[in-house]
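Have a look at the structure below, then the notes.
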Amino acid sequence: MKRTALALALLIAFPLAMLAIDHLFYVSFASRVLIYAIAATSLNLVLGYGGMISFGHAAFVGAGAYVASIAIAEGVTSAWIGWPAAILASALLAWVIGAISLRTRGVYFIMITLAFAQMMFYLVNSMKAYGGDEGLTLPQRATLGFGLNLGNEVVFYYVVLSILAALLYALHRLVHSRFGRVMVAIRENEARVEAIGFPVYRYQLACFVIAGAAGGLAGALLASHGKYVNPNVLHWVQSGTLMIMVILGGLGHLWGGVIGAVALLVLEHAIADYPIPWLAQVAPNYQQHANLGVGLVLLGIVLFAPQGIAGLLSRKRHA
Amino acid sequence: MSWILILEQSLNGLQFGLMLFLLAAGLTLVFGIMDMINLAHGSLYMLGAFIASTFVQATGSFTLGVLLAIPATAVVGMLLEMSVLRTLYARDHLSQVLATFALILIINEVTRLVWGSDAALPGPAALSGPVELLPGLRYPAYRLLIIGVGLAVAVLLYLLVTKTRVGMLVRAGASNREMALAMGVNIKTLFTLVFGVGAALCAVAGAMLAPLFAVQVGMGENILILAFVVIVIGGIGSIRGALVGAVLVGVVDTIGRAFLPILLGAFFQPRVASAAGPALASVMIYLIMAVVLYFRPQGLFPARG
């Protein structure tokens, strides 16, 4: 509880501190990190709590991003229409993909979710009316009303932070509810839960759809944030990156997605933007190869700390 | 849409399918025998192409360069297996996906450090022209060479797996790993060997396709997913399944790309057809995979009976 309050206080204070030292760019960067935190948290519900290795989560993020972008491109700028539409579209997509994929198990589930995500990737690529493979540039961000201008980086940050906080609270309530207990039980022993008489398939599908919907919201925010969307948000490497964030942060840990998103994006950014003098002398171009460091760190985490950063911090597994 | 065009595109599909088979064969063995998802297989394909480009430029001979690149890539693959991948066999699929994803990032960057973002690998000059196969059907000689090499390697692999002792052990491992272990098969060496063969096949595919596609960092990522589609369609662990799946995917993909826009043009406006055709063609193979998984989750030719 103390830690949660501290983390929230830091996140709330961050833009004020950046304003004070006149580094507004970092507020925008932090918004992006928090949006990825939302996406990773939604994946963590499926991956960490549900134990379903979905390799196609980018499809839901991308569907949300495209629905929200198309709404804005067509002149419907209100976030109150665009974002719910994005959530709904992603939930619907997750329902269709989940209903088919969840009939398979193990490796086949991984592969079929990947296949569906690739289908979406190519479908979006072919939407010439909305930019095709070049992507879609938006004239503005979504509008929220109530005197809140999302074009302002600080306002946007606080909106994203509120959504993330709400999502984390909802996730906390969800995993401690009867539904969450059943999901964790399914992860641990599917056959036994089935034998007790729970409809495993329906529980898994519900979990999959909720995660897809939250992923869609992250996509809508991402599109508004960059005022740009392109098919790469649906590329399979993007799904892999989201998985990395979850593992890096902590699988099945409430804060896992947030910690992972912050750690990965800040690490990438730090390597690319802050030269370390002694390293630059040994290898002058090392900053162009940030992914080498990211890869090595990830490999180390998988091999030596499978519980992720949150696991290292708490030394016990949260159910 | 004349029959010559159809024949030409079918040959293109066969050629692409055979190269996919080389990738899928290694992948399906690693997957089937070691129960290991190796996303870094595409990186070996990329490495094979880069290594071949270096050797071809150094020796000045396409044939010699490619022949040198094959064992070199095999050695890289075996080193990779002995250093990192070996520790992953006992882990769950999620760890394997992530660790090999990390390997993709690492190998991509190391390649960029050593070679830069791309390399040149021109095809042999003697085969740059077309050959007249049938009256009116002129087909690039180099693509014919790819088909020939692909068929030869497929036959060789078939003989290796079905007629030799090592092949017998490989099949035993694919159909029942525990039993093979219990019968005293030296799994450790066998795994390393299989990995080396897989890497060598990657090098053949990478080097042969290089003159048609670009040799660049990231070239392995898209074709890797295609190879996975192939082995899921064909049945994990089955070489025969990989061959059928690869040719199916290669032909459907190529023919689809060539003719779906024309076919759609008969029903829709040209603008719609030219936009939807390629997309539909790319989606088709994934659709086949989803349908196969739904109705026959073990694939068309399951290795485990």
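By order in the structure tokens, chains are A, B, ...; within a chain, residues start at 1; ligands start at 1, following the order shown.
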- Item | Selection: 12 Å around Gly299 in chain B, only C-alpha atoms, excl. self and same-chain fewer than 6 positions, as a count of residues only | 25
Assign secondary structure with DSSP using the backbone only, and return the residues of range 97-177 of chain B in strand (DSSP E or B) as a PDB file with C-alpha atoms, in the first residue's frame.
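Once everything was written out, this is part.pdb:
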ATOM      1  CA  ASP B 118      22.867  -4.567 -45.726  1.00  0.00           C
ATOM      2  CA  ALA B 119      25.215  -6.441 -48.004  1.00  0.00           C
ATOM      3  CA  PRO B 130      16.252 -16.598 -69.087  1.00  0.00           C
ATOM      4  CA  VAL B 131      15.901 -20.145 -70.404  1.00  0.00           C
ATOM      5  CA  GLU B 132      13.226 -21.145 -72.868  1.00  0.00           C
ATOM      6  CA  LEU B 133      11.494 -24.064 -71.131  1.00  0.00           C
ATOM      7  CA  LEU B 134       8.609 -24.386 -73.558  1.00  0.00           C
ATOM      8  CA  LEU B 137       7.759 -19.809 -71.744  1.00  0.00           C
ATOM      9  CA  ARG B 138      11.023 -18.112 -70.882  1.00  0.00           C
ATOM     10  CA  TYR B 139      12.026 -18.582 -67.250  1.00  0.00           C
ATOM     11  CA  PRO B 140      14.992 -17.040 -65.379  1.00  0.00           C
TER      12      PRO B 140
END
- Message: Near chain B, meaning an atom within 6 Å, which residues of chain A appear when counting only C-alpha atoms? Write them as a list in words.
- Response: Ala115, Met119, Tyr122, Leu123, Ser126, His289, Asn291, Leu292, Gly295, Leu298 and Leu299 of chain A
- CA of Glu268 in chain A to CA of Leu251 in chain A, straight-line distance in Å: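 Distance between the two atoms: 20.9 Å.
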Would you mind writing down, as a JSON list (two decimals) with N, CA and C atoms, in the first residue's frame, each residue of range 22-160 of chain B that DSSP on the backbone assigns to helix (DSSP H, G or I)?
[["chain", "number", "residue", "atom", "x", "y", "z"],
["B", 22, "LEU", "N", 13.33, -25.42, -46.76],
["B", 22, "LEU", "CA", 14.65, -25.54, -46.13],
["B", 22, "LEU", "C", 14.63, -24.93, -44.74],
["B", 23, "LEU", "N", 13.96, -23.78, -44.61],
["B", 23, "LEU", "CA", 13.86, -23.14, -43.30],
["B", 23, "LEU", "C", 12.98, -23.97, -42.37],
["B", 24, "ALA", "N", 11.83, -24.40, -42.92],
["B", 24, "ALA", "CA", 10.85, -25.09, -42.09],
["B", 24, "ALA", "C", 11.37, -26.44, -41.61],
["B", 25, "ALA", "N", 12.18, -27.10, -42.44],
["B", 25, "ALA", "CA", 12.67, -28.43, -42.07],
["B", 25, "ALA", "C", 13.50, -28.36, -40.79],
["B", 26, "GLY", "N", 14.43, -27.41, -40.73],
["B", 26, "GLY", "CA", 15.23, -27.25, -39.52],
["B", 26, "GLY", "C", 14.38, -26.88, -38.33],
["B", 27, "LEU", "N", 13.44, -25.96, -38.58],
["B", 27, "LEU", "CA", 12.58, -25.48, -37.51],
["B", 27, "LEU", "C", 11.70, -26.59, -36.95],
["B", 28, "THR", "N", 11.16, -27.40, -37.85],
["B", 28, "THR", "CA", 10.23, -28.45, -37.41],
["B", 28, "THR", "C", 10.96, -29.53, -36.62],
["B", 29, "LEU", "N", 12.22, -29.80, -36.99],
["B", 29, "LEU", "CA", 12.99, -30.80, -36.23],
["B", 29, "LEU", "C", 13.29, -30.30, -34.83],
["B", 30, "VAL", "N", 13.75, -29.04, -34.75],
["B", 30, "VAL", "CA", 14.05, -28.46, -33.45],
["B", 30, "VAL", "C", 12.79, -28.42, -32.59],
["B", 31, "PHE", "N", 11.69, -28.04, -33.24],
["B", 31, "PHE", "CA", 10.41, -27.94, -32.56],
["B", 31, "PHE", "C", 9.93, -29.32, -32.14],
["B", 32, "GLY", "N", 9.99, -30.26, -33.05],
["B", 32, "GLY", "CA", 9.45, -31.58, -32.79],
["B", 32, "GLY", "C", 10.28, -32.40, -31.82],
["B", 33, "ILE", "N", 11.59, -32.34, -31.97],
["B", 33, "ILE", "CA", 12.45, -33.19, -31.15],
["B", 33, "ILE", "C", 12.71, -32.57, -29.79],
["B", 34, "MET", "N", 12.98, -31.27, -29.78],
["B", 34, "MET", "CA", 13.38, -30.65, -28.52],
["B", 34, "MET", "C", 12.22, -29.92, -27.88],
["B", 41, "HIS", "N", 15.58, -18.76, -35.41],
["B", 41, "HIS", "CA", 15.86, -19.51, -36.64],
["B", 41, "HIS", "C", 15.98, -18.56, -37.83],
["B", 42, "GLY", "N", 15.13, -17.53, -37.83],
["B", 42, "GLY", "CA", 15.20, -16.53, -38.91],
["B", 42, "GLY", "C", 16.52, -15.78, -38.90],
["B", 43, "SER", "N", 17.10, -15.64, -37.72],
["B", 43, "SER", "CA", 18.39, -14.94, -37.64],
["B", 43, "SER", "C", 19.50, -15.76, -38.29],
["B", 44, "LEU", "N", 19.38, -17.10, -38.20],
["B", 44, "LEU", "CA", 20.38, -17.95, -38.85],
["B", 44, "LEU", "C", 20.27, -17.82, -40.37],
["B", 45, "TYR", "N", 19.03, -17.67, -40.84],
["B", 45, "TYR", "CA", 18.80, -17.44, -42.28],
["B", 45, "TYR", "C", 19.48, -16.14, -42.71],
["B", 46, "MET", "N", 19.31, -15.11, -41.89],
["B", 46, "MET", "CA", 19.95, -13.83, -42.19],
["B", 46, "MET", "C", 21.46, -13.96, -42.15],
["B", 47, "LEU", "N", 21.98, -14.61, -41.09],
["B", 47, "LEU", "CA", 23.42, -14.79, -40.96],
["B", 47, "LEU", "C", 23.99, -15.56, -42.15],
["B", 48, "GLY", "N", 23.24, -16.59, -42.57],
["B", 48, "GLY", "CA", 23.69, -17.37, -43.72],
["B", 48, "GLY", "C", 23.88, -16.49, -44.94],
["B", 49, "ALA", "N", 22.92, -15.59, -45.17],
["B", 49, "ALA", "CA", 23.02, -14.70, -46.33],
["B", 49, "ALA", "C", 24.21, -13.75, -46.21],
["B", 50, "PHE", "N", 24.40, -13.18, -45.01],
["B", 50, "PHE", "CA", 25.51, -12.24, -44.82],
["B", 50, "PHE", "C", 26.86, -12.96, -44.96],
["B", 51, "ILE", "N", 26.96, -14.14, -44.34],
["B", 51, "ILE", "CA", 28.21, -14.88, -44.42],
["B", 51, "ILE", "C", 28.50, -15.26, -45.88],
["B", 52, "ALA", "N", 27.45, -15.68, -46.59],
["B", 52, "ALA", "CA", 27.62, -16.04, -47.99],
["B", 52, "ALA", "C", 28.11, -14.83, -48.79],
["B", 53, "SER", "N", 27.55, -13.66, -48.50],
["B", 53, "SER", "CA", 27.95, -12.48, -49.26],
["B", 53, "SER", "C", 29.43, -12.18, -49.06],
["B", 54, "THR", "N", 29.91, -12.37, -47.82],
["B", 54, "THR", "CA", 31.35, -12.16, -47.55],
["B", 54, "THR", "C", 32.19, -13.16, -48.32],
["B", 55, "PHE", "N", 31.81, -14.43, -48.24],
["B", 55, "PHE", "CA", 32.60, -15.48, -48.90],
["B", 55, "PHE", "C", 32.57, -15.34, -50.42],
["B", 56, "VAL", "N", 31.39, -14.97, -50.96],
["B", 56, "VAL", "CA", 31.28, -14.82, -52.42],
["B", 56, "VAL", "C", 32.19, -13.69, -52.88],
["B", 57, "GLN", "N", 32.20, -12.60, -52.11],
["B", 57, "GLN", "CA", 33.06, -11.48, -52.51],
["B", 57, "GLN", "C", 34.53, -11.82, -52.34],
["B", 58, "ALA", "N", 34.85, -12.60, -51.29],
["B", 58, "ALA", "CA", 36.25, -12.94, -51.03],
["B", 58, "ALA", "C", 36.78, -13.91, -52.08],
["B", 59, "THR", "N", 35.96, -14.88, -52.46],
["B", 59, "THR", "CA", 36.45, -15.90, -53.39],
["B", 59, "THR", "C", 36.19, -15.52, -54.84],
["B", 62, "PHE", "N", 30.48, -17.56, -56.91],
["B", 62, "PHE", "CA", 29.21, -17.73, -56.22],
["B", 62, "PHE", "C", 29.13, -19.12, -55.60],
["B", 63, "THR", "N", 29.44, -20.12, -56.40],
["B", 63, "THR", "CA", 29.33, -21.50, -55.92],
["B", 63, "THR", "C", 30.21, -21.74, -54.71],
["B", 64, "LEU", "N", 31.46, -21.35, -54.84],
["B", 64, "LEU", "CA", 32.41, -21.60, -53.76],
["B", 64, "LEU", "C", 32.01, -20.84, -52.51],
["B", 65, "GLY", "N", 31.58, -19.60, -52.68],
["B", 65, "GLY", "CA", 31.19, -18.78, -51.54],
["B", 65, "GLY", "C", 30.03, -19.40, -50.78],
["B", 66, "VAL", "N", 29.01, -19.84, -51.54],
["B", 66, "VAL", "CA", 27.84, -20.44, -50.90],
["B", 66, "VAL", "C", 28.23, -21.74, -50.20],
["B", 67, "LEU", "N", 29.06, -22.54, -50.86],
["B", 67, "LEU", "CA", 29.46, -23.82, -50.28],
["B", 67, "LEU", "C", 30.25, -23.61, -48.99],
["B", 68, "LEU", "N", 31.04, -22.52, -48.93],
["B", 68, "LEU", "CA", 31.78, -22.22, -47.70],
["B", 68, "LEU", "C", 30.86, -21.70, -46.61],
["B", 69, "ALA", "N", 29.83, -20.96, -47.03],
["B", 69, "ALA", "CA", 28.94, -20.33, -46.05],
["B", 69, "ALA", "C", 28.12, -21.38, -45.29],
["B", 70, "ILE", "N", 27.82, -22.48, -45.97],
["B", 70, "ILE", "CA", 26.95, -23.49, -45.33],
["B", 70, "ILE", "C", 27.58, -24.07, -44.06],
["B", 71, "PRO", "N", 28.81, -24.62, -44.13],
["B", 71, "PRO", "CA", 29.39, -25.12, -42.87],
["B", 71, "PRO", "C", 29.65, -24.02, -41.86],
["B", 72, "ALA", "N", 30.00, -22.82, -42.33],
["B", 72, "ALA", "CA", 30.27, -21.73, -41.40],
["B", 72, "ALA", "C", 29.02, -21.41, -40.59],
["B", 73, "THR", "N", 27.88, -21.32, -41.28],
["B", 73, "THR", "CA", 26.62, -21.03, -40.57],
["B", 73, "THR", "C", 26.26, -22.17, -39.64],
["B", 74, "ALA", "N", 26.54, -23.40, -40.09],
["B", 74, "ALA", "CA", 26.25, -24.55, -39.23],
["B", 74, "ALA", "C", 27.03, -24.46, -37.93],
["B", 75, "VAL", "N", 28.29, -24.04, -38.02],
["B", 75, "VAL", "CA", 29.11, -23.90, -36.82],
["B", 75, "VAL", "C", 28.52, -22.83, -35.90],
["B", 76, "VAL", "N", 28.11, -21.70, -36.50],
["B", 76, "VAL", "CA", 27.50, -20.64, -35.69],
["B", 76, "VAL", "C", 26.26, -21.19, -34.97],
["B", 77, "GLY", "N", 25.44, -21.93, -35.73],
["B", 77, "GLY", "CA", 24.22, -22.49, -35.13],
["B", 77, "GLY", "C", 24.54, -23.43, -33.98],
["B", 78, "MET", "N", 25.55, -24.28, -34.16],
["B", 78, "MET", "CA", 25.88, -25.23, -33.10],
["B", 78, "MET", "C", 26.44, -24.52, -31.87],
["B", 79, "LEU", "N", 27.23, -23.46, -32.12],
["B", 79, "LEU", "CA", 27.74, -22.69, -30.98],
["B", 79, "LEU", "C", 26.59, -22.04, -30.21],
["B", 80, "LEU", "N", 25.63, -21.53, -30.96],
["B", 80, "LEU", "CA", 24.46, -20.91, -30.35],
["B", 80, "LEU", "C", 23.71, -21.93, -29.49],
["B", 81, "GLU", "N", 23.58, -23.12, -30.04],
["B", 81, "GLU", "CA", 22.86, -24.17, -29.31],
["B", 81, "GLU", "C", 23.60, -24.53, -28.03],
["B", 82, "MET", "N", 24.92, -24.66, -28.13],
["B", 82, "MET", "CA", 25.69, -25.11, -26.97],
["B", 82, "MET", "C", 25.77, -24.02, -25.90],
["B", 83, "SER", "N", 25.72, -22.74, -26.33],
["B", 83, "SER", "CA", 25.90, -21.68, -25.34],
["B", 83, "SER", "C", 24.59, -21.28, -24.68],
["B", 85, "LEU", "N", 20.84, -21.92, -26.20],
["B", 85, "LEU", "CA", 19.57, -22.60, -26.43],
["B", 85, "LEU", "C", 19.44, -23.88, -25.61],
["B", 86, "ARG", "N", 20.58, -24.54, -25.37],
["B", 86, "ARG", "CA", 20.56, -25.79, -24.62],
["B", 86, "ARG", "C", 19.90, -25.61, -23.25],
["B", 87, "THR", "N", 20.14, -24.45, -22.63],
["B", 87, "THR", "CA", 19.58, -24.23, -21.29],
["B", 87, "THR", "C", 18.07, -24.00, -21.33],
["B", 88, "LEU", "N", 17.52, -23.81, -22.53],
["B", 88, "LEU", "CA", 16.11, -23.45, -22.64],
["B", 88, "LEU", "C", 15.19, -24.66, -22.85],
["B", 93, "HIS", "N", 7.37, -22.69, -22.72],
["B", 93, "HIS", "CA", 7.38, -22.07, -24.05],
["B", 93, "HIS", "C", 7.54, -20.56, -23.99],
["B", 94, "LEU", "N", 6.96, -19.97, -22.96],
["B", 94, "LEU", "CA", 7.04, -18.52, -22.84],
["B", 94, "LEU", "C", 8.49, -18.06, -22.71],
["B", 95, "SER", "N", 9.25, -18.75, -21.85],
["B", 95, "SER", "CA", 10.66, -18.40, -21.69],
["B", 95, "SER", "C", 11.41, -18.57, -23.00],
["B", 96, "GLN", "N", 11.08, -19.64, -23.73],
["B", 96, "GLN", "CA", 11.77, -19.89, -25.01],
["B", 96, "GLN", "C", 11.47, -18.78, -26.00],
["B", 97, "VAL", "N", 10.18, -18.38, -26.08],
["B", 97, "VAL", "CA", 9.82, -17.30, -27.00],
["B", 97, "VAL", "C", 10.60, -16.05, -26.67],
["B", 98, "LEU", "N", 10.67, -15.71, -25.37],
["B", 98, "LEU", "CA", 11.31, -14.46, -24.99],
["B", 98, "LEU", "C", 12.82, -14.51, -25.16],
["B", 99, "ALA", "N", 13.42, -15.62, -24.74],
["B", 99, "ALA", "CA", 14.88, -15.71, -24.85],
["B", 99, "ALA", "C", 15.31, -15.67, -26.31],
["B", 100, "THR", "N", 14.57, -16.37, -27.18],
["B", 100, "THR", "CA", 14.99, -16.36, -28.59],
["B", 100, "THR", "C", 14.62, -15.04, -29.25],
["B", 101, "PHE", "N", 13.59, -14.38, -28.74],
["B", 101, "PHE", "CA", 13.30, -13.02, -29.21],
["B", 101, "PHE", "C", 14.47, -12.10, -28.87],
["B", 102, "ALA", "N", 15.00, -12.27, -27.65],
["B", 102, "ALA", "CA", 16.17, -11.49, -27.26],
["B", 102, "ALA", "C", 17.34, -11.80, -28.18],
["B", 103, "LEU", "N", 17.49, -13.08, -28.57],
["B", 103, "LEU", "CA", 18.58, -13.46, -29.49],
["B", 103, "LEU", "C", 18.43, -12.75, -30.83],
["B", 104, "ILE", "N", 17.17, -12.60, -31.29],
["B", 104, "ILE", "CA", 16.95, -11.88, -32.55],
["B", 104, "ILE", "C", 17.53, -10.47, -32.45],
["B", 105, "LEU", "N", 17.19, -9.78, -31.36],
["B", 105, "LEU", "CA", 17.68, -8.41, -31.18],
["B", 105, "LEU", "C", 19.20, -8.40, -31.17],
["B", 106, "ILE", "N", 19.79, -9.35, -30.41],
["B", 106, "ILE", "CA", 21.25, -9.38, -30.27],
["B", 106, "ILE", "C", 21.91, -9.68, -31.62],
["B", 107, "ILE", "N", 21.42, -10.71, -32.31],
["B", 107, "ILE", "CA", 22.06, -11.11, -33.57],
["B", 107, "ILE", "C", 21.89, -10.01, -34.62],
["B", 108, "ASN", "N", 20.71, -9.37, -34.64],
["B", 108, "ASN", "CA", 20.52, -8.25, -35.56],
["B", 108, "ASN", "C", 21.57, -7.16, -35.36],
["B", 109, "GLU", "N", 21.79, -6.81, -34.09],
["B", 109, "GLU", "CA", 22.73, -5.72, -33.83],
["B", 109, "GLU", "C", 24.17, -6.14, -34.10],
["B", 110, "VAL", "N", 24.50, -7.38, -33.74],
["B", 110, "VAL", "CA", 25.86, -7.85, -34.01],
["B", 110, "VAL", "C", 26.10, -7.86, -35.53],
["B", 111, "THR", "N", 25.09, -8.30, -36.28],
["B", 111, "THR", "CA", 25.22, -8.30, -37.74],
["B", 111, "THR", "C", 25.46, -6.88, -38.25],
["B", 112, "ARG", "N", 24.70, -5.94, -37.69],
["B", 112, "ARG", "CA", 24.85, -4.55, -38.10],
["B", 112, "ARG", "C", 26.24, -4.04, -37.77],
["B", 113, "LEU", "N", 26.78, -4.49, -36.63],
["B", 113, "LEU", "CA", 28.13, -4.06, -36.25],
["B", 113, "LEU", "C", 29.16, -4.63, -37.21],
["B", 114, "VAL", "N", 28.99, -5.89, -37.60],
["B", 114, "VAL", "CA", 30.01, -6.56, -38.41],
["B", 114, "VAL", "C", 29.89, -6.16, -39.88],
["B", 115, "TRP", "N", 28.66, -6.21, -40.42],
["B", 115, "TRP", "CA", 28.49, -6.02, -41.86],
["B", 115, "TRP", "C", 27.86, -4.68, -42.25],
["B", 125, "ALA", "N", 26.73, -14.62, -62.81],
["B", 125, "ALA", "CA", 26.47, -13.92, -64.06],
["B", 125, "ALA", "C", 26.01, -14.88, -65.16],
["B", 126, "ALA", "N", 26.55, -16.11, -65.11],
["B", 126, "ALA", "CA", 26.24, -17.08, -66.17],
["B", 126, "ALA", "C", 24.76, -17.42, -66.20],
["B", 127, "LEU", "N", 24.08, -17.25, -65.05],
["B", 127, "LEU", "CA", 22.69, -17.67, -64.98],
["B", 127, "LEU", "C", 21.73, -16.48, -64.95],
["B", 141, "ALA", "N", 17.02, -18.39, -65.49],
["B", 141, "ALA", "CA", 17.83, -19.57, -65.21],
["B", 141, "ALA", "C", 18.15, -19.69, -63.73],
["B", 142, "TYR", "N", 18.35, -18.54, -63.07],
["B", 142, "TYR", "CA", 18.73, -18.60, -61.67],
["B", 142, "TYR", "C", 17.62, -19.19, -60.81],
["B", 143, "ARG", "N", 16.38, -18.83, -61.15],
["B", 143, "ARG", "CA", 15.25, -19.39, -60.39],
["B", 143, "ARG", "C", 15.15, -20.89, -60.60],
["B", 144, "LEU", "N", 15.50, -21.34, -61.81],
["B", 144, "LEU", "CA", 15.52, -22.79, -62.06],
["B", 144, "LEU", "C", 16.56, -23.46, -61.18],
["B", 145, "LEU", "N", 17.71, -22.78, -61.03],
["B", 145, "LEU", "CA", 18.76, -23.32, -60.18],
["B", 145, "LEU", "C", 18.26, -23.48, -58.75],
["B", 146, "ILE", "N", 17.51, -22.46, -58.27],
["B", 146, "ILE", "CA", 16.97, -22.53, -56.91],
["B", 146, "ILE", "C", 16.06, -23.75, -56.77],
["B", 147, "ILE", "N", 15.19, -23.93, -57.77],
["B", 147, "ILE", "CA", 14.29, -25.09, -57.72],
["B", 147, "ILE", "C", 15.10, -26.38, -57.68],
["B", 148, "GLY", "N", 16.15, -26.45, -58.52],
["B", 148, "GLY", "CA", 16.98, -27.65, -58.56],
["B", 148, "GLY", "C", 17.65, -27.90, -57.22],
["B", 149, "VAL", "N", 18.25, -26.84, -56.65],
["B", 149, "VAL", "CA", 18.93, -26.99, -55.36],
["B", 149, "VAL", "C", 17.93, -27.40, -54.29],
["B", 150, "GLY", "N", 16.76, -26.75, -54.30],
["B", 150, "GLY", "CA", 15.73, -27.06, -53.30],
["B", 150, "GLY", "C", 15.33, -28.52, -53.37],
["B", 151, "LEU", "N", 15.09, -29.01, -54.60],
["B", 151, "LEU", "CA", 14.69, -30.41, -54.76],
["B", 151, "LEU", "C", 15.80, -31.35, -54.31],
["B", 152, "ALA", "N", 17.04, -31.00, -54.69],
["B", 152, "ALA", "CA", 18.17, -31.86, -54.33],
["B", 152, "ALA", "C", 18.32, -31.95, -52.83],
["B", 153, "VAL", "N", 18.24, -30.81, -52.15],
["B", 153, "VAL", "CA", 18.38, -30.81, -50.69],
["B", 153, "VAL", "C", 17.24, -31.58, -50.05],
["B", 154, "ALA", "N", 16.04, -31.41, -50.61],
["B", 154, "ALA", "CA", 14.89, -32.14, -50.05],
["B", 154, "ALA", "C", 15.12, -33.64, -50.15],
["B", 155, "VAL", "N", 15.61, -34.11, -51.30],
["B", 155, "VAL", "CA", 15.88, -35.55, -51.47],
["B", 155, "VAL", "C", 16.97, -36.00, -50.50],
["B", 156, "LEU", "N", 18.01, -35.18, -50.41],
["B", 156, "LEU", "CA", 19.12, -35.50, -49.51],
["B", 156, "LEU", "C", 18.65, -35.62, -48.07],
["B", 157, "LEU", "N", 17.81, -34.67, -47.68],
["B", 157, "LEU", "CA", 17.28, -34.66, -46.32],
["B", 157, "LEU", "C", 16.40, -35.88, -46.09],
["B", 158, "TYR", "N", 15.62, -36.21, -47.11],
["B", 158, "TYR", "CA", 14.74, -37.37, -47.01],
["B", 158, "TYR", "C", 15.57, -38.63, -46.78],
["B", 159, "LEU", "N", 16.64, -38.76, -47.58],
["B", 159, "LEU", "CA", 17.51, -39.94, -47.43],
["B", 159, "LEU", "C", 18.17, -39.94, -46.06],
["B", 160, "LEU", "N", 18.62, -38.77, -45.61],
["B", 160, "LEU", "CA", 19.29, -38.66, -44.32],
["B", 160, "LEU", "C", 18.36, -39.09, -43.20]]
- Message: With only C-alpha atoms as the counted atoms, please give the residues lying no more than 7 Å from Lys227 in chain A, apart from itself and same-chain residues fewer than 5 positions off, as a ChimeraX atom specification.
- Response: /A:137-138,140-141
- Message: List as a PyMOL selection string the protein and nucleic acid residues near range 188-203 of chain A, meaning an atom at most 9 Å away when only C-alpha atoms are counted, but skip any in the same chain fewer than 6 places from it.
- Response: chain A and resi 51+99+102-103+179+182
- Enter the distance from CA of Phe55 in chain A to CA of Trp236 in chain A, in Å, rounded to one decimal.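 That distance, rounded to one decimal, is 7.6 Å.
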- For each of A:Gly151, A:Gly249, A:Gly293, A:Gly135, take the minimum atom-to-atom distance to Leu312 in chain A, counting only C-alpha atoms, then give the residue where this is smallest.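 Closest candidate: A:Gly249.
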- Task: Excluding Leu242 in chain A and residues on its chain fewer than 6 positions from it, collect all residues at most 9 Å away from it, counting only C-alpha atoms, and give them as a list in words.
- Result: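 Contacts, in chain order: Tyr36, Ala39, Ala40, Leu43, His57, Ala58, Gly257, Gly260 and Ala261 of chain A.
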- Point out the residue among A:Gly62, A:Gly82, A:Gly132, A:Gly240 with the least atom-to-atom distance to Leu144 in chain A, counting only C-alpha atoms.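 Counting only C-alpha atoms, the residue closest to Leu144 in chain A is A:Gly82.
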- Note on the structure: Among A:Leu92, A:Leu34, A:Ile244, A:Ala220, Leu164 in chain A is approached most closely, using only C-alpha atoms, by A:Leu34
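Relative to CA of Pro261 in chain B, CA of Glu134 in chain A is found at 20.4 Å.
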- Task: Would you please work out which residue, of A:Ala272, A:Val160, A:Val46, A:Val67, is nearest to Val294 in chain A when using only C-alpha atoms?
- Result: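 Among the listed residues, A:Ala272 lies closest to Val294 in chain A.
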